[in-house]
file upload_32.pdb (PDB, C-alpha atoms, pLDDT in the B column)
MODEL        1
ATOM      1  CA  MET A   1     -88.162  -0.036  59.080  1.00 87.00           C
ATOM      2  CA  HIS A   2     -88.794  -1.067  55.472  1.00 91.00           C
ATOM      3  CA  VAL A   3     -85.872  -0.918  53.060  1.00 93.00           C
ATOM      4  CA  VAL A   4     -85.706  -1.720  49.347  1.00 95.00           C
ATOM      5  CA  GLY A   5     -82.723  -2.683  47.216  1.00 95.00           C
ATOM      6  CA  ALA A   6     -81.980  -3.143  43.535  1.00 96.00           C
ATOM      7  CA  VAL A   7     -80.419  -6.166  41.910  1.00 96.00           C
ATOM      8  CA  LEU A   8     -79.049  -4.334  38.866  1.00 96.00           C
ATOM      9  CA  VAL A   9     -78.714  -6.897  36.072  1.00 95.00           C
ATOM     10  CA  VAL A  10     -76.391  -6.264  33.122  1.00 93.00           C
ATOM     11  CA  GLY A  11     -76.163  -9.396  30.975  1.00 91.00           C
ATOM     12  CA  ASP A  12     -74.702 -12.097  33.227  1.00 89.00           C
ATOM     13  CA  HIS A  13     -73.444  -9.574  35.810  1.00 92.00           C
ATOM     14  CA  ILE A  14     -74.954  -7.956  38.915  1.00 93.00           C
ATOM     15  CA  VAL A  15     -73.870  -4.398  39.704  1.00 95.00           C
ATOM     16  CA  MET A  16     -73.035  -3.963  43.401  1.00 93.00           C
ATOM     17  CA  ALA A  17     -72.454  -0.630  45.161  1.00 94.00           C
ATOM     18  CA  ARG A  18     -69.717  -0.211  47.766  1.00 94.00           C
ATOM     19  CA  ARG A  19     -70.834   1.815  50.764  1.00 93.00           C
ATOM     20  CA  ALA A  20     -68.771   4.941  51.440  1.00 93.00           C
ATOM     21  CA  ALA A  21     -66.081   4.657  54.119  1.00 92.00           C
ATOM     22  CA  THR A  22     -67.679   7.583  55.987  1.00 92.00           C
ATOM     23  CA  LEU A  23     -70.992   5.806  56.657  1.00 90.00           C
ATOM     24  CA  LYS A  24     -71.784   4.676  60.225  1.00 87.00           C
ATOM     25  CA  SER A  25     -73.251   1.312  59.260  1.00 82.00           C
ATOM     26  CA  TYR A  26     -71.158  -1.182  57.292  1.00 87.00           C
ATOM     27  CA  PRO A  27     -68.659   1.256  55.706  1.00 92.00           C
ATOM     28  CA  GLY A  28     -66.813  -0.288  52.771  1.00 93.00           C
ATOM     29  CA  TYR A  29     -69.222  -3.213  52.397  1.00 94.00           C
ATOM     30  CA  TYR A  30     -71.003  -3.932  49.129  1.00 94.00           C
ATOM     31  CA  GLU A  31     -74.781  -3.734  48.935  1.00 93.00           C
ATOM     32  CA  PHE A  32     -77.749  -3.851  46.620  1.00 94.00           C
ATOM     33  CA  PRO A  33     -78.325  -0.089  46.214  1.00 95.00           C
ATOM     34  CA  GLY A  34     -81.568   1.354  47.539  1.00 95.00           C
ATOM     35  CA  GLY A  35     -82.887   2.814  50.761  1.00 93.00           C
ATOM     36  CA  LYS A  36     -85.755   3.439  53.137  1.00 94.00           C
ATOM     37  CA  VAL A  37     -89.396   3.353  52.112  1.00 95.00           C
ATOM     38  CA  GLU A  38     -91.086   6.627  53.072  1.00 94.00           C
ATOM     39  CA  LEU A  39     -94.564   6.886  54.565  1.00 91.00           C
ATOM     40  CA  ALA A  40     -97.347   6.258  51.988  1.00 90.00           C
ATOM     41  CA  GLU A  41     -94.787   5.168  49.377  1.00 94.00           C
ATOM     42  CA  THR A  42     -94.928   1.801  47.593  1.00 95.00           C
ATOM     43  CA  HIS A  43     -91.816  -0.352  47.586  1.00 96.00           C
ATOM     44  CA  PRO A  44     -91.276   0.027  43.808  1.00 96.00           C
ATOM     45  CA  ALA A  45     -91.791   3.814  43.991  1.00 96.00           C
ATOM     46  CA  ALA A  46     -89.297   4.033  46.867  1.00 96.00           C
ATOM     47  CA  LEU A  47     -86.742   2.042  44.890  1.00 97.00           C
ATOM     48  CA  ALA A  48     -87.151   4.213  41.788  1.00 97.00           C
ATOM     49  CA  ARG A  49     -86.679   7.339  43.938  1.00 96.00           C
ATOM     50  CA  GLU A  50     -83.633   5.942  45.758  1.00 96.00           C
ATOM     51  CA  LEU A  51     -81.933   4.881  42.516  1.00 97.00           C
ATOM     52  CA  ARG A  52     -82.508   8.343  41.055  1.00 96.00           C
ATOM     53  CA  GLU A  53     -81.059   9.987  44.199  1.00 95.00           C
ATOM     54  CA  GLU A  54     -78.129   7.598  44.766  1.00 94.00           C
ATOM     55  CA  LEU A  55     -77.073   6.403  41.299  1.00 95.00           C
ATOM     56  CA  ASP A  56     -78.503   9.097  39.006  1.00 94.00           C
ATOM     57  CA  ILE A  57     -80.615   6.654  36.954  1.00 96.00           C
ATOM     58  CA  VAL A  58     -84.299   6.664  36.073  1.00 96.00           C
ATOM     59  CA  VAL A  59     -86.193   3.393  36.430  1.00 96.00           C
ATOM     60  CA  GLN A  60     -89.799   3.024  35.273  1.00 96.00           C
ATOM     61  CA  LEU A  61     -92.122   1.241  37.725  1.00 95.00           C
ATOM     62  CA  ALA A  62     -92.971  -1.307  35.028  1.00 95.00           C
ATOM     63  CA  ASP A  63     -89.272  -2.271  34.899  1.00 96.00           C
ATOM     64  CA  ILE A  64     -89.056  -3.130  38.603  1.00 96.00           C
ATOM     65  CA  GLU A  65     -89.434  -6.912  38.917  1.00 94.00           C
ATOM     66  CA  SER A  66     -90.354  -8.797  42.052  1.00 94.00           C
ATOM     67  CA  PHE A  67     -89.100 -12.363  42.433  1.00 93.00           C
ATOM     68  CA  GLU A  68     -89.596 -15.336  44.691  1.00 92.00           C
ATOM     69  CA  GLY A  69     -87.527 -15.121  47.876  1.00 91.00           C
ATOM     70  CA  ASN A  70     -86.931 -11.375  47.539  1.00 92.00           C
ATOM     71  CA  SER A  71     -87.598 -10.296  51.131  1.00 91.00           C
ATOM     72  CA  THR A  72     -86.256 -10.979  54.600  1.00 89.00           C
ATOM     73  CA  ILE A  73     -85.986  -9.476  58.067  1.00 87.00           C
ATOM     74  CA  HIS A  74     -82.581  -8.458  59.454  1.00 80.00           C
ATOM     75  CA  THR A  75     -81.913  -7.556  63.078  1.00 80.00           C
ATOM     76  CA  ILE A  76     -79.104  -5.072  63.548  1.00 75.00           C
ATOM     77  CA  LYS A  77     -76.609  -6.216  66.165  1.00 74.00           C
ATOM     78  CA  GLY A  78     -76.340  -3.928  69.150  1.00 77.00           C
ATOM     79  CA  THR A  79     -79.565  -2.022  68.542  1.00 82.00           C
ATOM     80  CA  GLY A  80     -81.961  -4.913  67.962  1.00 82.00           C
ATOM     81  CA  LYS A  81     -83.628  -2.804  65.276  1.00 84.00           C
ATOM     82  CA  GLU A  82     -85.463  -4.843  62.640  1.00 88.00           C
ATOM     83  CA  ILE A  83     -85.089  -4.079  58.966  1.00 85.00           C
ATOM     84  CA  TYR A  84     -87.559  -5.511  56.470  1.00 90.00           C
ATOM     85  CA  LEU A  85     -85.521  -5.741  53.283  1.00 92.00           C
ATOM     86  CA  THR A  86     -87.116  -6.336  49.876  1.00 95.00           C
ATOM     87  CA  LEU A  87     -85.043  -6.669  46.713  1.00 95.00           C
ATOM     88  CA  PHE A  88     -86.211  -6.188  43.136  1.00 96.00           C
ATOM     89  CA  LEU A  89     -84.600  -7.035  39.798  1.00 96.00           C
ATOM     90  CA  ILE A  90     -83.815  -4.080  37.549  1.00 96.00           C
ATOM     91  CA  ARG A  91     -82.778  -4.932  33.999  1.00 95.00           C
ATOM     92  CA  LYS A  92     -83.534  -1.636  32.302  1.00 95.00           C
ATOM     93  CA  TRP A  93     -82.936   1.995  33.233  1.00 96.00           C
ATOM     94  CA  GLU A  94     -82.216   5.379  31.695  1.00 95.00           C
ATOM     95  CA  GLY A  95     -78.963   7.220  32.354  1.00 94.00           C
ATOM     96  CA  THR A  96     -75.457   6.236  33.351  1.00 93.00           C
ATOM     97  CA  LEU A  97     -74.771   4.721  36.765  1.00 94.00           C
ATOM     98  CA  ARG A  98     -72.833   7.192  38.922  1.00 92.00           C
ATOM     99  CA  THR A  99     -71.881   7.063  42.586  1.00 92.00           C
ATOM    100  CA  LYS A 100     -72.664   9.972  44.899  1.00 91.00           C
ATOM    101  CA  GLU A 101     -70.014  11.095  47.361  1.00 91.00           C
ATOM    102  CA  GLY A 102     -70.815  10.074  50.913  1.00 91.00           C
ATOM    103  CA  ILE A 103     -73.174   7.285  49.797  1.00 93.00           C
ATOM    104  CA  HIS A 104     -71.183   4.913  47.598  1.00 93.00           C
ATOM    105  CA  SER A 105     -67.495   4.881  46.714  1.00 93.00           C
ATOM    106  CA  GLU A 106     -67.607   2.535  43.721  1.00 93.00           C
ATOM    107  CA  LEU A 107     -69.728   0.278  41.563  1.00 94.00           C
ATOM    108  CA  ARG A 108     -68.599  -3.217  40.689  1.00 93.00           C
ATOM    109  CA  ALA A 109     -70.059  -5.719  38.203  1.00 93.00           C
ATOM    110  CA  ILE A 110     -69.960  -9.266  39.593  1.00 92.00           C
ATOM    111  CA  LEU A 111     -70.559 -12.343  37.456  1.00 92.00           C
ATOM    112  CA  LEU A 112     -73.840 -13.940  38.525  1.00 90.00           C
ATOM    113  CA  GLN A 113     -72.106 -17.292  39.034  1.00 87.00           C
ATOM    114  CA  ASP A 114     -69.501 -15.633  41.332  1.00 90.00           C
ATOM    115  CA  LEU A 115     -72.031 -13.783  43.494  1.00 87.00           C
ATOM    116  CA  TYR A 116     -72.257 -16.542  46.110  1.00 84.00           C
ATOM    117  CA  ASN A 117     -68.502 -16.428  46.808  1.00 86.00           C
ATOM    118  CA  PHE A 118     -68.226 -12.639  46.583  1.00 87.00           C
ATOM    119  CA  LYS A 119     -66.551 -11.248  49.707  1.00 88.00           C
ATOM    120  CA  GLY A 120     -67.628  -7.993  51.304  1.00 89.00           C
ATOM    121  CA  LEU A 121     -71.426  -8.191  51.082  1.00 90.00           C
ATOM    122  CA  ILE A 122     -73.352  -6.659  53.973  1.00 86.00           C
ATOM    123  CA  PRO A 123     -74.182  -9.456  56.438  1.00 76.00           C
ATOM    124  CA  GLY A 124     -77.508 -11.029  55.594  1.00 76.00           C
ATOM    125  CA  ASP A 125     -77.468 -10.107  51.902  1.00 83.00           C
ATOM    126  CA  GLN A 126     -75.698 -13.384  51.119  1.00 83.00           C
ATOM    127  CA  SER A 127     -78.953 -15.198  51.933  1.00 85.00           C
ATOM    128  CA  PHE A 128     -80.547 -13.668  48.804  1.00 91.00           C
ATOM    129  CA  VAL A 129     -77.985 -15.103  46.387  1.00 90.00           C
ATOM    130  CA  PRO A 130     -79.780 -18.400  45.513  1.00 91.00           C
ATOM    131  CA  ALA A 131     -83.078 -16.561  44.895  1.00 92.00           C
ATOM    132  CA  ILE A 132     -81.314 -13.916  42.788  1.00 93.00           C
ATOM    133  CA  GLN A 133     -79.523 -16.524  40.712  1.00 91.00           C
ATOM    134  CA  ALA A 134     -82.785 -18.400  40.114  1.00 91.00           C
ATOM    135  CA  ALA A 135     -84.698 -15.212  39.268  1.00 92.00           C
ATOM    136  CA  VAL A 136     -82.128 -13.817  36.852  1.00 91.00           C
ATOM    137  CA  VAL A 137     -82.097 -17.002  34.786  1.00 85.00           C
ATOM    138  CA  ALA A 138     -85.860 -17.644  35.145  1.00 70.00           C
ATOM    139  CA  PRO A 139     -87.829 -18.033  31.916  1.00 57.00           C
ATOM    140  CA  LYS A 140     -89.150 -14.722  30.635  1.00 55.00           C
ATOM    141  CA  SER A 141     -92.790 -15.890  30.886  1.00 47.00           C
ATOM    142  CA  LYS A 142     -92.436 -16.346  34.661  1.00 48.00           C
ATOM    143  CA  ARG A 143     -90.920 -12.857  35.064  1.00 47.00           C
ATOM    144  CA  THR A 144     -93.629 -11.320  32.886  1.00 44.00           C
ATOM    145  CA  GLU A 145     -96.440 -12.850  34.981  1.00 46.00           C
ATOM    146  CA  THR A 146     -95.076 -11.265  38.174  1.00 46.00           C
ATOM    147  CA  ARG A 147     -94.446  -7.888  36.551  1.00 48.00           C
ATOM    148  CA  THR A 148     -97.898  -7.887  34.927  1.00 45.00           C
ATOM    149  CA  PHE A 149     -99.653  -8.616  38.244  1.00 46.00           C
ATOM    150  CA  TRP A 150     -97.845  -5.838  40.149  1.00 48.00           C
ATOM    151  CA  GLY A 151     -98.303  -3.486  37.200  1.00 50.00           C
ATOM    152  CA  LYS A 152    -102.061  -4.039  37.398  1.00 44.00           C
ATOM    153  CA  VAL A 153    -102.031  -3.351  41.141  1.00 45.00           C
ATOM    154  CA  THR A 154    -100.011  -0.157  40.628  1.00 44.00           C
ATOM    155  CA  ASN A 155    -102.322   0.964  37.821  1.00 43.00           C
ATOM    156  CA  MET A 156    -105.371   0.408  40.024  1.00 42.00           C
ATOM    157  CA  ARG A 157    -103.955   2.830  42.590  1.00 42.00           C
ATOM    158  CA  HIS A 158    -103.863   5.540  39.919  1.00 41.00           C
ATOM    159  CA  ASN A 159    -106.735   4.517  37.658  1.00 40.00           C
ATOM    160  CA  LYS A 160    -109.939   3.549  39.408  1.00 40.00           C
ATOM    161  CA  SER A 161    -111.374   2.087  36.194  1.00 40.00           C
ATOM    162  CA  ALA A 162    -108.586  -0.499  35.870  1.00 42.00           C
ATOM    163  CA  ALA A 163    -109.630  -4.070  36.619  1.00 46.00           C
ATOM    164  CA  LEU A 164    -107.943  -7.203  37.892  1.00 45.00           C
ATOM    165  CA  SER A 165    -108.866 -10.697  36.795  1.00 53.00           C
ATOM    166  CA  ALA A 166    -110.573 -12.898  39.391  1.00 55.00           C
ATOM    167  CA  CYS A 167    -107.330 -14.804  39.929  1.00 56.00           C
ATOM    168  CA  ASP A 168    -105.354 -11.577  40.402  1.00 57.00           C
ATOM    169  CA  ALA A 169    -107.963 -10.276  42.844  1.00 55.00           C
ATOM    170  CA  VAL A 170    -107.771 -13.447  44.953  1.00 60.00           C
ATOM    171  CA  ALA A 171    -103.963 -13.240  44.987  1.00 59.00           C
ATOM    172  CA  LEU A 172    -104.128  -9.607  46.099  1.00 57.00           C
ATOM    173  CA  VAL A 173    -106.575 -10.427  48.903  1.00 62.00           C
ATOM    174  CA  VAL A 174    -104.301 -13.238  50.114  1.00 62.00           C
ATOM    175  CA  ILE A 175    -101.236 -10.962  50.070  1.00 66.00           C
ATOM    176  CA  VAL A 176    -103.045  -8.191  51.967  1.00 61.00           C
ATOM    177  CA  GLY A 177    -104.311 -10.760  54.489  1.00 60.00           C
ATOM    178  CA  ILE A 178    -100.802 -12.084  55.085  1.00 66.00           C
ATOM    179  CA  LEU A 179     -99.421  -8.574  55.526  1.00 61.00           C
ATOM    180  CA  LEU A 180    -102.176  -7.678  58.003  1.00 61.00           C
ATOM    181  CA  PHE A 181    -101.597 -10.887  59.947  1.00 59.00           C
ATOM    182  CA  MET A 182     -97.864 -10.156  60.121  1.00 61.00           C
ATOM    183  CA  ARG A 183     -98.525  -6.620  61.422  1.00 65.00           C
ATOM    184  CA  LEU A 184    -100.994  -7.851  64.046  1.00 62.00           C
ATOM    185  CA  TYR A 185     -98.595 -10.571  65.129  1.00 57.00           C
ATOM    186  CA  GLN A 186     -95.763  -8.063  65.508  1.00 61.00           C
ATOM    187  CA  ALA A 187     -97.973  -5.646  67.458  1.00 57.00           C
ATOM    188  CA  HIS A 188     -99.016  -8.385  69.909  1.00 59.00           C
ATOM    189  CA  ASP A 189     -95.784 -10.340  70.105  1.00 54.00           C
ATOM    190  CA  PRO A 190     -94.800 -10.471  73.809  1.00 55.00           C
ATOM    191  CA  ASN A 191     -91.140 -10.973  72.824  1.00 55.00           C
ATOM    192  CA  GLY A 192     -91.081  -8.033  70.404  1.00 51.00           C
TER     193      GLY A 192
ENDMDL
END
call {"tool": "encode", "arguments": {"input": "upload_32.pdb", "output": "structure tokens"}}
result
Amino acid sequence: MHVVGAVLVVGDHIVMARRAATLKSYPGYYEFPGGKVELAETHPAALARELREELDIVVQLADIESFEGNSTIHTIKGTGKEIYLTLFLIRKWEGTLRTKEGIHSELRAILLQDLYNFKGLIPGDQSFVPAIQAAVVAPKSKRTETRTFWGKVTNMRHNKSAALSACDAVALVVIVGILLFMRLYQAHDPNG
């Protein structure tokens, strides 16, 4: 199952969402808000949809930033189910953050420097902290390069006349190749 989450950045704080006490999995733990990626949905589109549904905010696809070290695989204890989690930085949105009953009970702004020692994160999310800290303070030019590349890819899905540079095209081919290899490996893994 593919899941996406938002690292909501407000100045030098990260906004975390506390899971409702009524949820089956990890009630009362803090998380990067988001949810499941639906069939034929891109990760950024899924995140924009989930944030609209869960926190009542509108995020433009161009404002969803990928960053180095933003994905991992979690195995849920007891079920053995694998979750492919990908986080994205969100620095800009429209609307006021609001929790929805039964999903989140509160929102809390955590200083970026205190994120590593923050208690109550869902197990496994702690592993993202160094990458998040590096990405949030990364020079703007580095962030812009990543956003521009994924923006071009997204635009190509909707505009057949859009074009990638040769370098962007090679990067896209490499990424698709890696993803295909990972899928084939998982399908043929005798231990999986």
call {"tool": "atom_distance", "arguments": {"input": "upload_32.pdb", "atom1": "atom CA of A:Ala109", "atom2": "atom CA of A:Glu53"}}
result
20.1 Å
call {"tool": "resolve_selection", "arguments": {"input": "upload_32.pdb", "expression": "the PyMOL selection byres ((chain A and resi 36) around 8)", "output": "number ranges by chain"}}
result
A: 1-4, 34-35, 37-38, 46
call {"tool": "write_last_selection", "arguments": {"input": "upload_32.pdb", "atoms": "C-alpha atoms", "output": "PDB file, keeping the file's coordinate frame"}}
result
ATOM      1  CA  MET A   1     -88.162  -0.036  59.080  1.00 87.00           C
ATOM      2  CA  HIS A   2     -88.794  -1.067  55.472  1.00 91.00           C
ATOM      3  CA  VAL A   3     -85.872  -0.918  53.060  1.00 93.00           C
ATOM      4  CA  VAL A   4     -85.706  -1.720  49.347  1.00 95.00           C
ATOM      5  CA  GLY A  34     -81.568   1.354  47.539  1.00 95.00           C
ATOM      6  CA  GLY A  35     -82.887   2.814  50.761  1.00 93.00           C
ATOM      7  CA  VAL A  37     -89.396   3.353  52.112  1.00 95.00           C
ATOM      8  CA  GLU A  38     -91.086   6.627  53.072  1.00 94.00           C
ATOM      9  CA  ALA A  46     -89.297   4.033  46.867  1.00 96.00           C
TER      10      ALA A  46
END
call {"tool": "closest_residue", "arguments": {"input": "upload_32.pdb", "among": "A:Ile83, A:Leu97, A:Val137, A:Leu89", "to": "A:Leu47", "atoms": "all atoms listed in the file"}}
result
A:Leu89
call {"tool": "closest_residue", "arguments": {"input": "upload_32.pdb", "among": "A:Leu61, A:Leu39, A:Ala17, A:Leu112", "to": "A:Ala134", "atoms": "all atoms listed in the file"}}
result
A:Leu112
call {"tool": "closest_residue", "arguments": {"input": "upload_32.pdb", "among": "A:Gly95, A:Pro44, A:Gly102, A:Gly80", "to": "A:Leu23", "atoms": "only C-alpha atoms"}}
result
A:Gly102
call {"tool": "closest_residue", "arguments": {"input": "upload_32.pdb", "among": "A:Met16, A:Ser66, A:Val129, A:Glu82", "to": "A:Tyr29", "atoms": "only C-alpha atoms"}}
result
A:Met16
call {"tool": "residues_near_point", "arguments": {"input": "upload_32.pdb", "point": "(-79.1, -4.6, 39.9)", "cutoff": "8 Å", "atoms": "only C-alpha atoms", "output": "list in words"}}
result
Ala6, Val7, Leu8, Val9, Val10, Ile14, Val15, Met16, Phe32, Pro33, Phe88, Leu89, Ile90 and Arg91 of chain A
call {"tool": "residues_around", "arguments": {"input": "upload_32.pdb", "residues": "A:Ile122", "least_positions_apart": "5", "cutoff": "10 Å", "atoms": "all atoms listed in the file", "output": "count of residues only"}}
result
10
call {"tool": "decode", "arguments": {"input": "upload_32.pdb", "residues": "stretch 98-129 of chain A", "atoms": "N, CA and C atoms", "output": "PDB file, in the first residue's frame"}}
result
ATOM      1  N   ARG A  98      -7.683  22.777   9.933  1.00  0.00           N
ATOM      2  CA  ARG A  98      -8.723  22.343  10.875  1.00  0.00           C
ATOM      3  C   ARG A  98      -8.693  20.827  10.966  1.00  0.00           C
ATOM      4  N   THR A  99      -8.871  20.304  12.178  1.00  0.00           N
ATOM      5  CA  THR A  99      -8.954  18.852  12.326  1.00  0.00           C
ATOM      6  C   THR A  99     -10.373  18.396  12.017  1.00  0.00           C
ATOM      7  N   LYS A 100     -10.487  17.141  11.592  1.00  0.00           N
ATOM      8  CA  LYS A 100     -11.799  16.530  11.356  1.00  0.00           C
ATOM      9  C   LYS A 100     -12.003  15.460  12.413  1.00  0.00           C
ATOM     10  N   GLU A 101     -13.174  15.468  13.027  1.00  0.00           N
ATOM     11  CA  GLU A 101     -13.494  14.506  14.073  1.00  0.00           C
ATOM     12  C   GLU A 101     -13.339  13.075  13.538  1.00  0.00           C
ATOM     13  N   GLY A 102     -12.732  12.242  14.341  1.00  0.00           N
ATOM     14  CA  GLY A 102     -12.537  10.850  13.962  1.00  0.00           C
ATOM     15  C   GLY A 102     -11.261  10.600  13.177  1.00  0.00           C
ATOM     16  N   ILE A 103     -10.585  11.683  12.757  1.00  0.00           N
ATOM     17  CA  ILE A 103      -9.325  11.539  12.013  1.00  0.00           C
ATOM     18  C   ILE A 103      -8.171  12.054  12.865  1.00  0.00           C
ATOM     19  N   HIS A 104      -8.243  13.323  13.230  1.00  0.00           N
ATOM     20  CA  HIS A 104      -7.224  13.936  14.078  1.00  0.00           C
ATOM     21  C   HIS A 104      -7.901  14.655  15.240  1.00  0.00           C
ATOM     22  N   SER A 105      -7.229  14.660  16.388  1.00  0.00           N
ATOM     23  CA  SER A 105      -7.790  15.341  17.556  1.00  0.00           C
ATOM     24  C   SER A 105      -7.166  16.706  17.796  1.00  0.00           C
ATOM     25  N   GLU A 106      -5.953  16.915  17.288  1.00  0.00           N
ATOM     26  CA  GLU A 106      -5.307  18.221  17.459  1.00  0.00           C
ATOM     27  C   GLU A 106      -4.162  18.390  16.478  1.00  0.00           C
ATOM     28  N   LEU A 107      -3.773  19.639  16.296  1.00  0.00           N
ATOM     29  CA  LEU A 107      -2.605  19.990  15.505  1.00  0.00           C
ATOM     30  C   LEU A 107      -1.606  20.647  16.445  1.00  0.00           C
ATOM     31  N   ARG A 108      -0.343  20.357  16.228  1.00  0.00           N
ATOM     32  CA  ARG A 108       0.681  20.922  17.114  1.00  0.00           C
ATOM     33  C   ARG A 108       1.884  21.350  16.282  1.00  0.00           C
ATOM     34  N   ALA A 109       2.336  22.587  16.489  1.00  0.00           N
ATOM     35  CA  ALA A 109       3.526  23.103  15.802  1.00  0.00           C
ATOM     36  C   ALA A 109       4.753  22.780  16.653  1.00  0.00           C
ATOM     37  N   ILE A 110       5.697  22.071  16.049  1.00  0.00           N
ATOM     38  CA  ILE A 110       6.923  21.645  16.727  1.00  0.00           C
ATOM     39  C   ILE A 110       8.097  22.382  16.101  1.00  0.00           C
ATOM     40  N   LEU A 111       8.952  22.963  16.930  1.00  0.00           N
ATOM     41  CA  LEU A 111      10.166  23.590  16.405  1.00  0.00           C
ATOM     42  C   LEU A 111      10.974  22.553  15.634  1.00  0.00           C
ATOM     43  N   LEU A 112      11.468  22.930  14.472  1.00  0.00           N
ATOM     44  CA  LEU A 112      12.251  22.017  13.643  1.00  0.00           C
ATOM     45  C   LEU A 112      13.394  21.389  14.435  1.00  0.00           C
ATOM     46  N   GLN A 113      14.082  22.185  15.237  1.00  0.00           N
ATOM     47  CA  GLN A 113      15.219  21.672  16.004  1.00  0.00           C
ATOM     48  C   GLN A 113      14.786  20.692  17.099  1.00  0.00           C
ATOM     49  N   ASP A 114      13.514  20.723  17.516  1.00  0.00           N
ATOM     50  CA  ASP A 114      13.013  19.819  18.557  1.00  0.00           C
ATOM     51  C   ASP A 114      12.359  18.563  17.991  1.00  0.00           C
ATOM     52  N   LEU A 115      12.230  18.478  16.682  1.00  0.00           N
ATOM     53  CA  LEU A 115      11.521  17.366  16.055  1.00  0.00           C
ATOM     54  C   LEU A 115      12.145  16.018  16.386  1.00  0.00           C
ATOM     55  N   TYR A 116      13.471  15.951  16.440  1.00  0.00           N
ATOM     56  CA  TYR A 116      14.137  14.671  16.690  1.00  0.00           C
ATOM     57  C   TYR A 116      13.790  14.110  18.064  1.00  0.00           C
ATOM     58  N   ASN A 117      13.634  14.969  19.054  1.00  0.00           N
ATOM     59  CA  ASN A 117      13.335  14.524  20.422  1.00  0.00           C
ATOM     60  C   ASN A 117      11.844  14.523  20.742  1.00  0.00           C
ATOM     61  N   PHE A 118      11.010  14.817  19.758  1.00  0.00           N
ATOM     62  CA  PHE A 118       9.572  14.889  19.979  1.00  0.00           C
ATOM     63  C   PHE A 118       9.019  13.494  20.258  1.00  0.00           C
ATOM     64  N   LYS A 119       8.323  13.361  21.375  1.00  0.00           N
ATOM     65  CA  LYS A 119       7.748  12.077  21.788  1.00  0.00           C
ATOM     66  C   LYS A 119       6.345  11.927  21.202  1.00  0.00           C
ATOM     67  N   GLY A 120       6.004  10.708  20.826  1.00  0.00           N
ATOM     68  CA  GLY A 120       4.653  10.431  20.371  1.00  0.00           C
ATOM     69  C   GLY A 120       4.492  10.295  18.878  1.00  0.00           C
ATOM     70  N   LEU A 121       5.611  10.324  18.126  1.00  0.00           N
ATOM     71  CA  LEU A 121       5.521  10.099  16.676  1.00  0.00           C
ATOM     72  C   LEU A 121       5.199   8.633  16.406  1.00  0.00           C
ATOM     73  N   ILE A 122       4.455   8.381  15.345  1.00  0.00           N
ATOM     74  CA  ILE A 122       4.198   7.004  14.920  1.00  0.00           C
ATOM     75  C   ILE A 122       5.548   6.324  14.704  1.00  0.00           C
ATOM     76  N   PRO A 123       5.691   5.072  15.158  1.00  0.00           N
ATOM     77  CA  PRO A 123       6.964   4.370  14.952  1.00  0.00           C
ATOM     78  C   PRO A 123       7.370   4.383  13.477  1.00  0.00           C
ATOM     79  N   GLY A 124       8.614   4.640  13.242  1.00  0.00           N
ATOM     80  CA  GLY A 124       9.135   4.683  11.880  1.00  0.00           C
ATOM     81  C   GLY A 124       9.246   6.094  11.327  1.00  0.00           C
ATOM     82  N   ASP A 125       8.361   6.990  11.752  1.00  0.00           N
ATOM     83  CA  ASP A 125       8.415   8.366  11.248  1.00  0.00           C
ATOM     84  C   ASP A 125       9.651   9.101  11.751  1.00  0.00           C
ATOM     85  N   GLN A 126      10.168   8.686  12.891  1.00  0.00           N
ATOM     86  CA  GLN A 126      11.370   9.307  13.455  1.00  0.00           C
ATOM     87  C   GLN A 126      12.545   9.224  12.481  1.00  0.00           C
ATOM     88  N   SER A 127      12.565   8.163  11.661  1.00  0.00           N
ATOM     89  CA  SER A 127      13.678   7.984  10.721  1.00  0.00           C
ATOM     90  C   SER A 127      13.748   9.092   9.670  1.00  0.00           C
ATOM     91  N   PHE A 128      12.648   9.810   9.455  1.00  0.00           N
ATOM     92  CA  PHE A 128      12.615  10.891   8.465  1.00  0.00           C
ATOM     93  C   PHE A 128      13.217  12.196   8.985  1.00  0.00           C
ATOM     94  N   VAL A 129      13.352  12.326  10.292  1.00  0.00           N
ATOM     95  CA  VAL A 129      13.706  13.612  10.889  1.00  0.00           C
ATOM     96  C   VAL A 129      14.987  14.223  10.303  1.00  0.00           C
TER      97      VAL A 129
END
